[in-house]
Each structure stands twice: as C-alpha cells, then as structure tokens.
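Visitor: First the structure, then my questions, so here it is.
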Amino acid sequence: MAYSDKVLDHYSHPRNVGSMDKSSDDVGTGLVGAPECGDVMKLQIKVNRETNVIEDAKFKTFGCGSAIASSSLATEWVKGKTVDEALAIKNMDIVKELSLPPVKIHCSVLAEDAIRAAIGDWKKKQGAAQPVAAQAK
Amino acid sequence: MSTDVKVPQAQQQPQHFASKDVKLPVYMDNHATTPMDPRVLDEMLPYFMEKFGNAASRNHSFGWAAEEGVETARERIAKLIGATTKEVIFTSGATESDNLAIKGVAEMYREKGNHIITAVTEHKAVLDTCKRLEKNGYRVTYMPVQKDGLVDLDDLKRAMDDKTILVSIMYANNEIGVLQPVAEIGKLCHERGVIFHTDATQAIGKVPVDVIKQNIDLASISAHKMYGPKGVGALYVRRKNPRVQLSAIIDGGGHERGMRSGTLNVPSIVGLGKACAIASEEMSHEAVRLSGLRDRLRDRIMGRLDEVYINGSTEHRLPGNLNISFAYVEGESLLMGINDIAVSSGSACTSATLEPSYVLKALGTGDDLAHSSIRFGIGRFNTEAEVDYVADRVVETVERLRELSPLYEMAKEGINLKDVKWAGE
C-alpha cells in the first residue's frame, strides 16, 4: 500500500511524542483501542484552567503508520484550541488531511476517540476538583 | 516541548548507510516468491522461439524438441523427490495442484467415503478447496495444531474414521516454516488405506523430500518458490502401493494422462525442471548456508532486543525461515520503518481481511503478538552483509517504535497489559 506524503512525514517525524503526568489536575488522558485490535492510542492534553485552552498535547501510539500519523496530527491540531474547539475536530477532517484510504478510516476514528477521551478525563477531573475548591472558599 | 521524550527520528530515506555490499532494497521475502535463478532462465530461453513446438505434436521435429524438454524436466522433478517420471503431472502452480489433488481424490473415491482431514494452518489453496467440498456434502476435519505448529499424530489417529478418504497436511508452512511429521502422517494413512496429500510447495528444493520413504501419495510443487518461473507447478501422483487415481478438474485434450488437459507450458516446465536439477545438486549445501544466515539474523536481533518471540518450532523448520513477534510494536508500522527491506507481516493491517494471521492464532499466539509478527524468508541470493543490514535496521526501528508505543511504556511501568480493561474490546 502506498502512503501519502503526509502520513510518511508524521510517521518519520511524529510530533509531540511523549507523556505527561496523568495524575495532574490539568492533564487529561485518553487511552483508546486495544492491543488485540492492533491499535492503541494514548493522547494527553494539558489545559489552562483560566482559558480552557489546550496548551500542550502528547501522544504515544501502538499501531500502523496511519494510526501513528492520525494521532500525531491530532496533537498538532488540538494544541492552542479551547476544549470546545478541540471537540469539534472530526475524524473525516483527519482522513482528508492525511489522504487516508478507506481501510484506514478506523485510525482516524480512533484519533477522534482519543481526543474525546482525553477531554472527558480532564472534564471529570475539573468536576471532581470544583467541590473541593468551593469548600475551600 | 520541554517534556518531549527523545525519540530517535527516522532518517529521510534513503540515508541508511548500507555497506557497499548491500544493494537496496533488500529482498527477504522468499516464501512469497523467489527471484529466478539465471541458470533457469538460460535453460528456458530456447523454448520460447527456437523450440516453440507443442509437446503434443507427435509428427514433427518441433513437437519432438518440445517434448524432449518436457520429459527432461519430468525426470529432474522425479529425481528430486524420489518418484518416477510417470508420476509427475504438470499444472499451472501449487494452487492448481492442491485443487486437483483434493477435488480429484474426493470425486474419484466418493463411493468409498466422504471424509477429509486437514489442518487449520494449511494454505488457503487447501482450506478453501476443502470448504468448497463441504458445500458438496463432504465432511472435513480441520485439525488444530500444537503450540509449535505441528499436528499431533494422536489427534490425527482419532480424527480418522472408516469414511476417511484423504488426509492433506502441508510439508512446510508458508508463514512459520515448520515442518510437519509427514513420514509419520503418511504411515498412519497407509495403515488405514487413506490417501495422503502434502502441499510441499515451501519444502521441495529446500529440504529432502522422498515420496517413498515418507509415504506420500500426492505432493504439490511450485516452481516460483524454488527459483523457477511463476505460473507452473506439478503434482506428484503415486502409481503403486497404492495406485492413486484422480478425477480431472480440467477437461480437454487428455494431456498429462488425462489428469490435466491443456497444452503444456513448455518453457516454464523446462524452467521448473532446471530449478529441480539445481536443487538436487545444491540443496544440502544451501540448507547449511541458509540456516546459518537465519541463525545469524535471529541472534543479531534477539541479542539486542528483549521481548522478541519466535513463532513455531525452532527444531522442525525450514532453513531460511524466521518468524518473530516484536512485543509492543505493530507489524505494519515496523514494515513501514524498514521500507528498504521486503519482508511480510502477520499483522491484520497488511491483510485484505483485517484479521491477523490465522496461522499464528492457531499456535495460540495472542492477537497482540500476531499483529507484531514479521516473517523473514532468507533465500539463495541473500548475503551475510544483507542479513547484518536487515538486523540493524529492524533493531533500530523496533527501538524507535517502542519509544512511541504506549504499551511499551505501560509494560515498563509494571502494568500487566492483560489486566487492562481496553476501551476498544
């Protein structure tokens, strides 16, 4: 199978590879996929409490080149966006940007899931954190 | 960017410096097909233009020349496997040979029984042929294999009943290279009056095959897996003790003793014959060289990477085969990283079905490790310098991809991946 230049570029030079402290309150972690299915993505975001802007994003992916490229691209795209803006990213945007063939669409779906899961985790932490903050007042 | 993990970046291709002895890309997928030996091509060339005759033309010299080429080829094939010339039927390749053997026996012996035994790790040419027969009222037992990929002879005994007419078990597996105990299987079959077919595509020319000593009744042969041309093969059909009869699946002019009609593909048949003649001469020496290269590749990879697993028996195995799983790394992404090397993966992403290798699954290899498998097929034209280059590239790419792998990170943190509740399951 021939890969698009953009997939090759992300595969060879993945952006934002790494990990952040998943126990930190301002970090949201999404872990999606399963080893048995051949794809696991971990995507993390660090969100500014005041502005809800995603200041940093990291990923690690076990999967094919298209899966690596999709998650690498996802970290690039969410950075600098607010949480709500990031939630608006759709898998088909990734498909289009990377020219993924039909058999690789599931990679983009997984990347969208990873964004949502990371934001969901962050929101959960904010929900849990707020009552504590209220009490402190 | 301060929290970035340092990931060694892949070089812009092609900046991987192979030594001057290595010509890129490296072909190491010799189970898929082999390059033709130049000696085979030389032997074939006259049969395209000068000796172009139809081997069935009995009344002129053009026909006689073609026939002579065909008969020489038949002798060479027979010699390689311990058969007689009348027992060699030419076909278009091993898929046709498998079809002819299985369907041919099924139809011919329908009165005697309707039960066929094969194994789950067979090539699709056997499995799908059996599935078709099931639709036509035959009963097929697909035997499981043991962890090392070999069939259990006791399982086979138990599977046989008084309606069993055929056992079809491959000689050497195309993915993991394991060699089945064909002589013992053949003996069990002969004791019970059951015909034994073996798809010997990967074995012939690589390991000694002797149809008499190994009690083989039908054997499928392919030229392009042994440095011959594509589109030609043969089926060995035993003529005595027992005499095996087949119903033809291609009808026509009655060529090949009525078992396979169609004008003979003379140049390719001549090529198959030459490939067999070379194998007869060089096989024993070549096997030593190839297993040496294979072991070198294995050691240079496994000596530098942990959590690398060999799939299938290491003892009963083709000399040039190495099939290994690299935990925490997905096979297709690994192939992409070593894109100047031609190998195969059992990863679902590389198959049309999006299922990981059914052969590896049959060994009890988890899906995760099946996705992580690479098949190396070392052949006649591979060199030690290529093996070293391949090992270096594989090690460097696996290391890079592991740094990128959340699974590797979790495993290093002491998390048992089997205990994780995965969202995608």
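Identifiers for the structure tokens are assigned positionally: chains receive A, B, ... in sequence, residues are indexed from 1 per chain, and ligands are indexed from 1 in the order shown.
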Need to verify the contact set: segment 63-68 of chain A, 7 Å, only C-alpha atoms, exclusion of same-chain residues closer than 3 positions in sequence. Can you return it as a list of chain:residue names?
Guide: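 Listed by chain and then number, they are A:Val7, A:Tyr11, A:Gly38, A:Asp39, A:Val40, A:Ser71, A:Ser72, A:Lys104, A:Cys107, B:Glu330, B:Glu332, B:Ser333, B:Met336.
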Visitor: Output N, CA and C atoms for every residue in the selection just made, as a tab-separated table (two decimals), in the first residue's frame.
Guide:
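The file below, selection-v1.tsv, is the result:
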```
chain	number	residue	atom	x	y	z
A	7	VAL	N	1.33	11.17	5.67
A	7	VAL	CA	1.42	10.04	6.59
A	7	VAL	C	2.89	9.69	6.82
A	11	TYR	N	4.84	9.80	10.30
A	11	TYR	CA	5.43	8.54	10.78
A	11	TYR	C	6.93	8.73	11.05
A	38	GLY	N	-4.79	-4.31	17.36
A	38	GLY	CA	-3.65	-3.79	16.63
A	38	GLY	C	-3.48	-2.28	16.71
A	39	ASP	N	-4.31	-1.62	17.52
A	39	ASP	CA	-4.21	-0.16	17.66
A	39	ASP	C	-4.45	0.24	19.11
A	40	VAL	N	-3.53	0.96	19.69
A	40	VAL	CA	-3.77	1.60	20.99
A	40	VAL	C	-3.19	3.00	20.91
A	71	SER	N	-2.74	10.18	15.13
A	71	SER	CA	-2.64	10.69	16.50
A	71	SER	C	-1.62	11.84	16.57
A	72	SER	N	-0.57	11.74	15.77
A	72	SER	CA	0.40	12.83	15.73
A	72	SER	C	-0.28	14.12	15.26
A	104	LYS	N	-8.19	2.59	6.21
A	104	LYS	CA	-7.51	3.23	7.34
A	104	LYS	C	-8.39	4.25	8.05
A	107	CYS	N	-8.44	4.36	11.81
A	107	CYS	CA	-7.34	5.04	12.52
A	107	CYS	C	-7.76	6.46	12.90
B	330	GLU	N	3.57	-2.67	16.33
B	330	GLU	CA	2.63	-3.20	15.35
B	330	GLU	C	3.37	-3.49	14.04
B	332	GLU	N	2.72	-3.61	10.76
B	332	GLU	CA	2.74	-2.78	9.56
B	332	GLU	C	3.60	-1.53	9.76
B	333	SER	N	3.55	-0.97	10.97
B	333	SER	CA	4.37	0.21	11.21
B	333	SER	C	5.84	-0.16	11.20
B	336	MET	N	6.84	-0.38	7.64
B	336	MET	CA	6.96	0.97	7.09
B	336	MET	C	8.31	1.58	7.46
```
Visitor: Mind checking which residues fall within 6 Å of segment 321-326 of chain B, counting only C-alpha atoms, ignoring those fewer than 3 positions away in the same chain, and posting them as number ranges by chain?
Guide: B: 176-177, 308-311, 318, 329, 369, 372-377
Visitor: Mind listing the helix (DSSP H, G or I) residues of chain A, per DSSP on the backbone, as a PyMOL selection string?
Guide: chain A and resi 5-12+35-37+65-78+83-87+91-98+102-136
Visitor: How would the residues just chosen look if you wrote them out with C-alpha atoms as a PDB file, in the first residue's frame?
Guide:
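Writing the result to part-v8.pdb gives the following:
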```
ATOM      1  CA  ASP A   5       3.497  12.012   1.926  1.00  0.00           C
ATOM      2  CA  LYS A   6       1.799  13.469   4.989  1.00  0.00           C
ATOM      3  CA  VAL A   7       1.419  10.038   6.593  1.00  0.00           C
ATOM      4  CA  LEU A   8       5.052   9.302   5.856  1.00  0.00           C
ATOM      5  CA  ASP A   9       6.105  12.629   7.302  1.00  0.00           C
ATOM      6  CA  HIS A  10       4.183  12.112  10.555  1.00  0.00           C
ATOM      7  CA  TYR A  11       5.429   8.543  10.780  1.00  0.00           C
ATOM      8  CA  SER A  12       9.054   9.567  10.281  1.00  0.00           C
ATOM      9  CA  PRO A  35      -3.686  -4.468  21.625  1.00  0.00           C
ATOM     10  CA  GLU A  36      -5.743  -7.348  20.182  1.00  0.00           C
ATOM     11  CA  CYS A  37      -7.105  -4.984  17.552  1.00  0.00           C
ATOM     12  CA  GLY A  65       1.668   4.111  10.212  1.00  0.00           C
ATOM     13  CA  SER A  66      -1.726   5.678   9.602  1.00  0.00           C
ATOM     14  CA  ALA A  67      -2.625   5.322  13.276  1.00  0.00           C
ATOM     15  CA  ILE A  68       0.639   6.972  14.289  1.00  0.00           C
ATOM     16  CA  ALA A  69       0.092   9.766  11.773  1.00  0.00           C
ATOM     17  CA  SER A  70      -3.548  10.306  12.846  1.00  0.00           C
ATOM     18  CA  SER A  71      -2.636  10.693  16.498  1.00  0.00           C
ATOM     19  CA  SER A  72       0.404  12.828  15.733  1.00  0.00           C
ATOM     20  CA  LEU A  73      -1.801  15.132  13.663  1.00  0.00           C
ATOM     21  CA  ALA A  74      -4.440  15.178  16.401  1.00  0.00           C
ATOM     22  CA  THR A  75      -1.924  16.517  18.935  1.00  0.00           C
ATOM     23  CA  GLU A  76      -0.871  19.205  16.483  1.00  0.00           C
ATOM     24  CA  TRP A  77      -4.450  20.260  15.902  1.00  0.00           C
ATOM     25  CA  VAL A  78      -5.655  20.367  19.494  1.00  0.00           C
ATOM     26  CA  VAL A  83     -11.524  22.337  24.760  1.00  0.00           C
ATOM     27  CA  ASP A  84     -14.762  23.042  22.901  1.00  0.00           C
ATOM     28  CA  GLU A  85     -12.928  23.784  19.680  1.00  0.00           C
ATOM     29  CA  ALA A  86     -10.974  20.552  20.028  1.00  0.00           C
ATOM     30  CA  LEU A  87     -14.205  18.617  20.464  1.00  0.00           C
ATOM     31  CA  ASN A  91     -12.337  12.053  12.102  1.00  0.00           C
ATOM     32  CA  MET A  92     -13.123  12.922   8.493  1.00  0.00           C
ATOM     33  CA  ASP A  93     -11.003  16.067   8.856  1.00  0.00           C
ATOM     34  CA  ILE A  94      -8.078  13.778   9.666  1.00  0.00           C
ATOM     35  CA  VAL A  95      -8.936  11.442   6.780  1.00  0.00           C
ATOM     36  CA  LYS A  96      -8.892  14.399   4.428  1.00  0.00           C
ATOM     37  CA  GLU A  97      -5.710  15.948   5.737  1.00  0.00           C
ATOM     38  CA  LEU A  98      -3.765  12.671   5.589  1.00  0.00           C
ATOM     39  CA  PRO A 102     -10.955   3.611   3.246  1.00  0.00           C
ATOM     40  CA  VAL A 103      -9.279   0.721   5.106  1.00  0.00           C
ATOM     41  CA  LYS A 104      -7.510   3.226   7.336  1.00  0.00           C
ATOM     42  CA  ILE A 105     -10.532   5.303   8.319  1.00  0.00           C
ATOM     43  CA  HIS A 106     -10.707   3.458  11.633  1.00  0.00           C
ATOM     44  CA  CYS A 107      -7.338   5.035  12.519  1.00  0.00           C
ATOM     45  CA  SER A 108      -8.895   8.486  12.259  1.00  0.00           C
ATOM     46  CA  VAL A 109     -11.910   7.359  14.272  1.00  0.00           C
ATOM     47  CA  LEU A 110      -9.566   6.197  16.989  1.00  0.00           C
ATOM     48  CA  ALA A 111      -7.775   9.548  16.968  1.00  0.00           C
ATOM     49  CA  GLU A 112     -11.079  11.387  17.377  1.00  0.00           C
ATOM     50  CA  ASP A 113     -11.987   8.994  20.189  1.00  0.00           C
ATOM     51  CA  ALA A 114      -8.637   9.704  21.825  1.00  0.00           C
ATOM     52  CA  ILE A 115      -9.254  13.464  21.766  1.00  0.00           C
ATOM     53  CA  ARG A 116     -12.705  12.966  23.262  1.00  0.00           C
ATOM     54  CA  ALA A 117     -11.428  10.564  25.891  1.00  0.00           C
ATOM     55  CA  ALA A 118      -8.647  12.946  26.933  1.00  0.00           C
ATOM     56  CA  ILE A 119     -11.078  15.855  27.195  1.00  0.00           C
ATOM     57  CA  GLY A 120     -13.572  13.650  29.034  1.00  0.00           C
ATOM     58  CA  ASP A 121     -10.901  12.699  31.547  1.00  0.00           C
ATOM     59  CA  TRP A 122      -9.925  16.328  32.026  1.00  0.00           C
ATOM     60  CA  LYS A 123     -13.560  17.412  32.492  1.00  0.00           C
ATOM     61  CA  LYS A 124     -14.072  14.681  35.042  1.00  0.00           C
ATOM     62  CA  LYS A 125     -11.112  15.988  36.987  1.00  0.00           C
ATOM     63  CA  GLN A 126     -12.486  19.531  36.856  1.00  0.00           C
ATOM     64  CA  GLY A 127     -15.860  18.304  38.073  1.00  0.00           C
ATOM     65  CA  ALA A 128     -14.198  16.488  40.920  1.00  0.00           C
ATOM     66  CA  ALA A 129     -11.949  19.406  41.704  1.00  0.00           C
ATOM     67  CA  GLN A 130     -14.654  22.060  41.879  1.00  0.00           C
ATOM     68  CA  PRO A 131     -16.473  20.968  45.049  1.00  0.00           C
ATOM     69  CA  VAL A 132     -13.143  20.878  46.809  1.00  0.00           C
ATOM     70  CA  ALA A 133     -12.442  24.395  45.614  1.00  0.00           C
ATOM     71  CA  ALA A 134     -15.890  25.506  46.754  1.00  0.00           C
ATOM     72  CA  GLN A 135     -15.283  24.066  50.178  1.00  0.00           C
ATOM     73  CA  ALA A 136     -12.000  25.902  50.434  1.00  0.00           C
TER      74      ALA A 136
END
```
Visitor: Please, what distance in Å, to one decimal, runs between atom CA of Ala342 of chain B and atom CA of Thr365 of chain B?
Guide: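 Distance reported for this atom pair: 23.5 Å.
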Visitor: With a distance cut-off of 7 Å and only C-alpha atoms, select the neighbouring residues of Lys274 of chain B, excluding the residue or stretch itself and same-chain residues fewer than 2 positions from it, and output the selection as a ChimeraX atom specification.
Guide: /B:40,43,73,270-272,276-278
Visitor: Limited to C-alpha atoms, could you put the picked residues into a file as a tab-separated table (two decimals), in the first residue's frame?
Guide:
```
chain	number	residue	atom	x	y	z
B	40	VAL	CA	16.95	-21.46	-15.01
B	43	GLU	CA	17.64	-23.18	-19.88
B	73	ALA	CA	12.05	-31.72	-16.78
B	270	VAL	CA	11.73	-26.66	-18.63
B	271	GLY	CA	12.46	-23.96	-16.04
B	272	LEU	CA	10.84	-25.98	-13.26
B	276	CYS	CA	14.81	-29.04	-9.53
B	277	ALA	CA	18.12	-30.15	-11.06
B	278	ILE	CA	19.91	-27.28	-9.32
```
Visitor: Which value, in Å to one decimal, gives the distance between atom CA of Lys60 of chain A and atom CA of Val27 of chain A?
Guide: 15.1 Å
Visitor: Based on the backbone DSSP call, show me all residues of segment 22-213 of chain B assigned strand (DSSP E or B), as a VMD selection string.
Guide: chain B and resid 26 to 27 29 88 to 91 115 to 119 139 to 143 164 to 168 172 178 to 179 195 to 199 204 207
Visitor: Those residues with C-alpha atoms, as a PDB file, in the first residue's frame please?
Guide:
```
ATOM      1  CA  VAL B  26      16.877  -5.993   0.131  1.00  0.00           C
ATOM      2  CA  TYR B  27      14.562  -8.855  -0.812  1.00  0.00           C
ATOM      3  CA  ASP B  29      10.500 -12.475   1.390  1.00  0.00           C
ATOM      4  CA  VAL B  88       4.653 -36.217 -12.369  1.00  0.00           C
ATOM      5  CA  ILE B  89       1.722 -34.164 -13.713  1.00  0.00           C
ATOM      6  CA  PHE B  90       2.337 -30.588 -14.786  1.00  0.00           C
ATOM      7  CA  THR B  91      -0.029 -27.852 -13.636  1.00  0.00           C
ATOM      8  CA  HIS B 115     -14.394 -37.572   4.970  1.00  0.00           C
ATOM      9  CA  ILE B 116     -11.273 -35.438   4.544  1.00  0.00           C
ATOM     10  CA  ILE B 117      -8.802 -34.372   7.215  1.00  0.00           C
ATOM     11  CA  THR B 118      -6.628 -31.291   7.033  1.00  0.00           C
ATOM     12  CA  ALA B 119      -5.156 -28.786   9.495  1.00  0.00           C
ATOM     13  CA  ARG B 139     -17.159 -33.839   5.795  1.00  0.00           C
ATOM     14  CA  VAL B 140     -13.914 -32.051   6.625  1.00  0.00           C
ATOM     15  CA  THR B 141     -11.994 -32.155   9.897  1.00  0.00           C
ATOM     16  CA  TYR B 142      -9.732 -29.148  10.395  1.00  0.00           C
ATOM     17  CA  MET B 143      -7.227 -30.338  12.947  1.00  0.00           C
ATOM     18  CA  THR B 164     -11.890 -41.007   5.675  1.00  0.00           C
ATOM     19  CA  ILE B 165     -10.531 -40.968   2.139  1.00  0.00           C
ATOM     20  CA  LEU B 166      -7.889 -38.248   2.258  1.00  0.00           C
ATOM     21  CA  VAL B 167      -5.521 -36.525   4.644  1.00  0.00           C
ATOM     22  CA  SER B 168      -3.993 -33.270   3.383  1.00  0.00           C
ATOM     23  CA  ALA B 172       6.344 -26.891   5.404  1.00  0.00           C
ATOM     24  CA  VAL B 178       7.545 -25.519  10.461  1.00  0.00           C
ATOM     25  CA  LEU B 179       7.980 -28.987   9.008  1.00  0.00           C
ATOM     26  CA  ILE B 195      -4.597 -41.312   0.694  1.00  0.00           C
ATOM     27  CA  PHE B 196      -2.044 -38.768   1.888  1.00  0.00           C
ATOM     28  CA  HIS B 197      -1.611 -35.453   0.083  1.00  0.00           C
ATOM     29  CA  THR B 198       1.000 -32.913   1.112  1.00  0.00           C
ATOM     30  CA  ASP B 199       1.323 -29.366  -0.140  1.00  0.00           C
ATOM     31  CA  ILE B 204      10.677 -29.086  -2.192  1.00  0.00           C
ATOM     32  CA  VAL B 207      14.664 -29.908   2.475  1.00  0.00           C
TER      33      VAL B 207
END
```
Visitor: Name the residues in contact with segment 211-222 of chain B at a cut-off of 9 Å, using only C-alpha atoms, excluding same-chain residues fewer than 2 positions from it; report them as a ChimeraX atom specification.
Guide: /B:81-83,91-98,101,168,170-171,182-187,189-190,195-204,209,224-226,228-239,241-244,272
Visitor: Go through A:Ile45, A:Pro101, A:Ser23, A:Thr61 and flag the residue nearest chain B, using only C-alpha atoms for the distances.
Guide: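 Under the stated criterion, the closest residue is A:Thr61.
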Visitor: Counting only C-alpha atoms, which residue out of B:Leu100, B:Ser247, B:Asp155, B:Met160 sits closest to Asn114 of chain B?
Guide: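 Of all the options, B:Met160 lies closest to Asn114 of chain B.
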